[in-house]
Amino acid sequence: MTTTGAGLKLSSYAGIHAIRAGRTSWRWRPRTVAVSVALAVLVFAAMGVHVAYGGLPLAYGDVLRSLLGDASQPRTYLAVTEFRAPRMVAAVVVGLCLAAAGAITQTVARNPLASPDVLGITSGASLGAVSVLVLAGGGYAGLSGAAATIGLPSAAFAMGLCTGVAAYVLAYRKGLDSYRLVLVGIGLTGLATSLTTWLLTLGDVTNAGQALTWMMGSLNGKDWALVVPMTLLAAPLLLLSFLAGRWLELLSFGDEAAVGLGIRSGRVRVMCLSLAVVLASIATVLAGPLAFVALASPQIARLVCRTAVPSVLPSALTGALFVLLSDTIAAHALPVSLPAGVATAVVGAPYLIYLVLNYQRRLA
């Protein structure tokens, strides 16, 4: 269907709507927009529950007044602004970054198993972070100065980037084969995990214990000193990942089709994978290697949106909701407080088994 107005052309085909004004056009799917709006509402609701629900439950009105700067109730204000709000923001940023990175890698590789977890990117970032934790002579909470503000994030970024580049180079043979990429990623994950375990044997018992706790993936004890710079770094990258949705959709058709549609597939693929590596590294710096968020969230969003490939925005919102609920349940809903990574693994491990079995069935 096509309608023409004064310089504005509207069209729709197979559930995809488009607006063209001059040489510029925008395309969207109504169902994807509706799902994104619903997910955003659920994320805001989960943020409220995450802050209000804790060892001392708080009224939502008191939480809102404290967030708006009302310090008439000092204990509530301190609990909200200094302890619960940073943790809540960290959960949102981690979920957004991991799920967006997962949507990008799965679309570029055209494989639902090709998430940063499986490709070794988060394991590589963890190796860099644990190197600083163990070799710097102090645990994560005990680091101070340049080692805490620059050393650990830089090491995580560097190792995450190196692992991503290594996976791409080793899997590339006159084109990027998604099956080979997953196998190379599994091998790099094993190598990074082995080196991390070896590093733990070099440190003393206290440092190794703190590093192991961090490797479980936890949002406990996050403060503004870490959350603010990571959030400021992640915000423009998340915006870029949302804007890259058009390129990702074209890449999902394959190299020949993408080139025919006017994009440089090799350059765009490298740019998108680099973006995914940095986003995954930011999430790893904030919370450690939270398992399965990047793997499961994009596919859940794809199923709900009924699209061929996962869209970045609904995937990222699904990831934020996943991490918020996992952290709330793991920290407060059970008799013993657990790291958020345990809750995400409980949900994600069965899903990974389902994906592997389904992938094998398709290859047979």
# chains A, B, ... in the order shown; residues from 1 in each chain; ligands from 1

$ select_by_dssp --residues "range 22-159 of chain A" --states "strand (DSSP E)" --output "PyMOL selection string"
chain A and resi 24-28

$ closest_atom_pairs --of "range 35-105 of chain A" --to "range 112-116 of chain A" --cutoff "8 Å" --atoms "only C-alpha atoms" --output "tab-separated table"
residue	atom	partner	partner_atom	distance
A:Leu98	CA	A:Pro116	CA	7.9
A:Ala101	CA	A:Pro116	CA	6.9
A:Gly102	CA	A:Ser115	CA	4.7
A:Ala103	CA	A:Ser115	CA	7.7
A:Thr105	CA	A:Ser115	CA	5.8

$ write_last_selection --atoms "C-alpha atoms" --output "PDB file, in the first residue's frame"
ATOM      1  CA  LEU A  98      25.020  -7.551  27.116  1.00  0.00           C
ATOM      2  CA  ALA A 101      26.043  -7.099  22.101  1.00  0.00           C
ATOM      3  CA  GLY A 102      24.307 -10.453  21.800  1.00  0.00           C
ATOM      4  CA  ALA A 103      21.843  -9.172  19.185  1.00  0.00           C
ATOM      5  CA  THR A 105      26.914 -10.814  17.198  1.00  0.00           C
TER       6      THR A 105
END

$ residues_around --residues "Ala244 in chain A" --least-positions-apart "2" --cutoff "10 Å" --atoms "only C-alpha atoms" --output "VMD selection string"
chain A and resid 104 238 to 242 246 to 249 268 271 to 272 275 311 to 312

$ select_by_dssp --residues "range 50-243 of chain A" --states "alpha helix (DSSP H)" --output "VMD selection string"
chain A and resid 50 to 52 60 to 67 74 to 78 85 to 109 121 to 135 146 152 to 171 178 to 202 205 to 215 224 to 243

$ closest_residue --among "A:Leu68, A:Pro86, A:Gly48, A:Val184" --to "Tyr172 in chain A" --atoms "only C-alpha atoms"
A:Val184

$ residues_around --residues "range 31-45 of chain A" --least-positions-apart "6" --cutoff "7 Å" --atoms "only C-alpha atoms" --output "list in words"
Cys305, Leu313, Pro314, Leu317, Thr318, Ala320 and Leu321 of chain A

$ write_last_selection --atoms "N, CA, C and O atoms" --output "compact mmCIF listing (two decimals), in the first residue's frame"
# COMPACT_ATOMS: atom_id res chain seq x y z
N CYS A 305 8.78 -10.40 19.06
CA CYS A 305 8.56 -9.46 17.95
C CYS A 305 8.22 -10.16 16.64
O CYS A 305 7.77 -9.49 15.69
N LEU A 313 16.98 -2.85 19.89
CA LEU A 313 16.29 -2.15 20.98
C LEU A 313 15.46 -3.10 21.85
O LEU A 313 15.65 -3.12 23.07
N PRO A 314 14.53 -3.88 21.29
CA PRO A 314 13.79 -4.80 22.17
C PRO A 314 14.68 -5.84 22.83
O PRO A 314 14.42 -6.27 23.96
N LEU A 317 16.25 -4.08 25.88
CA LEU A 317 15.26 -3.91 26.96
C LEU A 317 14.97 -5.25 27.63
O LEU A 317 14.78 -5.30 28.86
N THR A 318 14.91 -6.33 26.84
CA THR A 318 14.72 -7.66 27.43
C THR A 318 15.88 -8.01 28.36
O THR A 318 15.68 -8.56 29.45
N ALA A 320 17.81 -5.87 30.01
CA ALA A 320 17.71 -5.06 31.23
C ALA A 320 16.68 -5.66 32.19
O ALA A 320 16.91 -5.75 33.41
N LEU A 321 15.53 -6.08 31.65
CA LEU A 321 14.50 -6.68 32.49
C LEU A 321 15.00 -8.00 33.09
O LEU A 321 14.75 -8.30 34.27

$ closest_residue --among "A:Val132, A:Leu96, A:Asp117, A:Thr206" --to "Leu352 in chain A" --atoms "only C-alpha atoms"
A:Asp117

$ closest_residue --among "A:Val51, A:Leu135, A:Leu295, A:Leu325" --to "Ala349 in chain A" --atoms "only C-alpha atoms"
A:Leu295

$ closest_residue --among "A:Val227, A:Ala52, A:Ala166, A:Thr307" --to "Arg29 in chain A" --atoms "only C-alpha atoms"
A:Thr307

$ residues_around --residues "Tyr53 in chain A" --least-positions-apart "5" --cutoff "8 Å" --atoms "only C-alpha atoms" --output "list in words"
Leu58, Thr328 and His332 of chain A

$ residues_around --residues "Gly120 in chain A" --least-positions-apart "2" --cutoff "7 Å" --atoms "only C-alpha atoms" --output "list in words"
Pro116, Asp117, Val118, Thr122, Ser123, Gly124, Thr163, Gly185, Ile186, Leu188 and Thr189 of chain A

$ closest_residue --among "A:Leu191, A:Met215, A:Val169, A:Leu119" --to "Pro339 in chain A" --atoms "only C-alpha atoms"
A:Met215

$ closest_residue --among "A:Ser315, A:Ser126, A:Asn358, A:Gln73" --to "Trp214 in chain A" --atoms "only C-alpha atoms"
A:Ser126

$ residues_around --residues "Ala234 in chain A" --least-positions-apart "6" --cutoff "9 Å" --atoms "only C-alpha atoms" --output "compact mmCIF listing (two decimals) with N, CA and C atoms, in the first residue's frame"
# COMPACT_ATOMS: atom_id res chain seq x y z
N VAL A 93 22.23 -1.04 33.01
CA VAL A 93 23.30 -0.86 32.02
C VAL A 93 23.89 -2.20 31.59
N CYS A 97 23.69 -3.53 27.76
CA CYS A 97 24.93 -3.75 27.00
C CYS A 97 25.08 -5.21 26.56
N VAL A 278 33.05 -3.97 22.78
CA VAL A 278 33.17 -2.92 23.79
C VAL A 278 31.97 -2.95 24.73
N LEU A 279 30.76 -3.14 24.19
CA LEU A 279 29.58 -3.21 25.05
C LEU A 279 29.68 -4.39 26.03
N ILE A 282 32.18 -3.53 28.77
CA ILE A 282 31.63 -2.60 29.77
C ILE A 282 30.78 -3.37 30.78
N ALA A 283 29.93 -4.26 30.29
CA ALA A 283 29.09 -5.05 31.20
C ALA A 283 29.94 -5.93 32.11
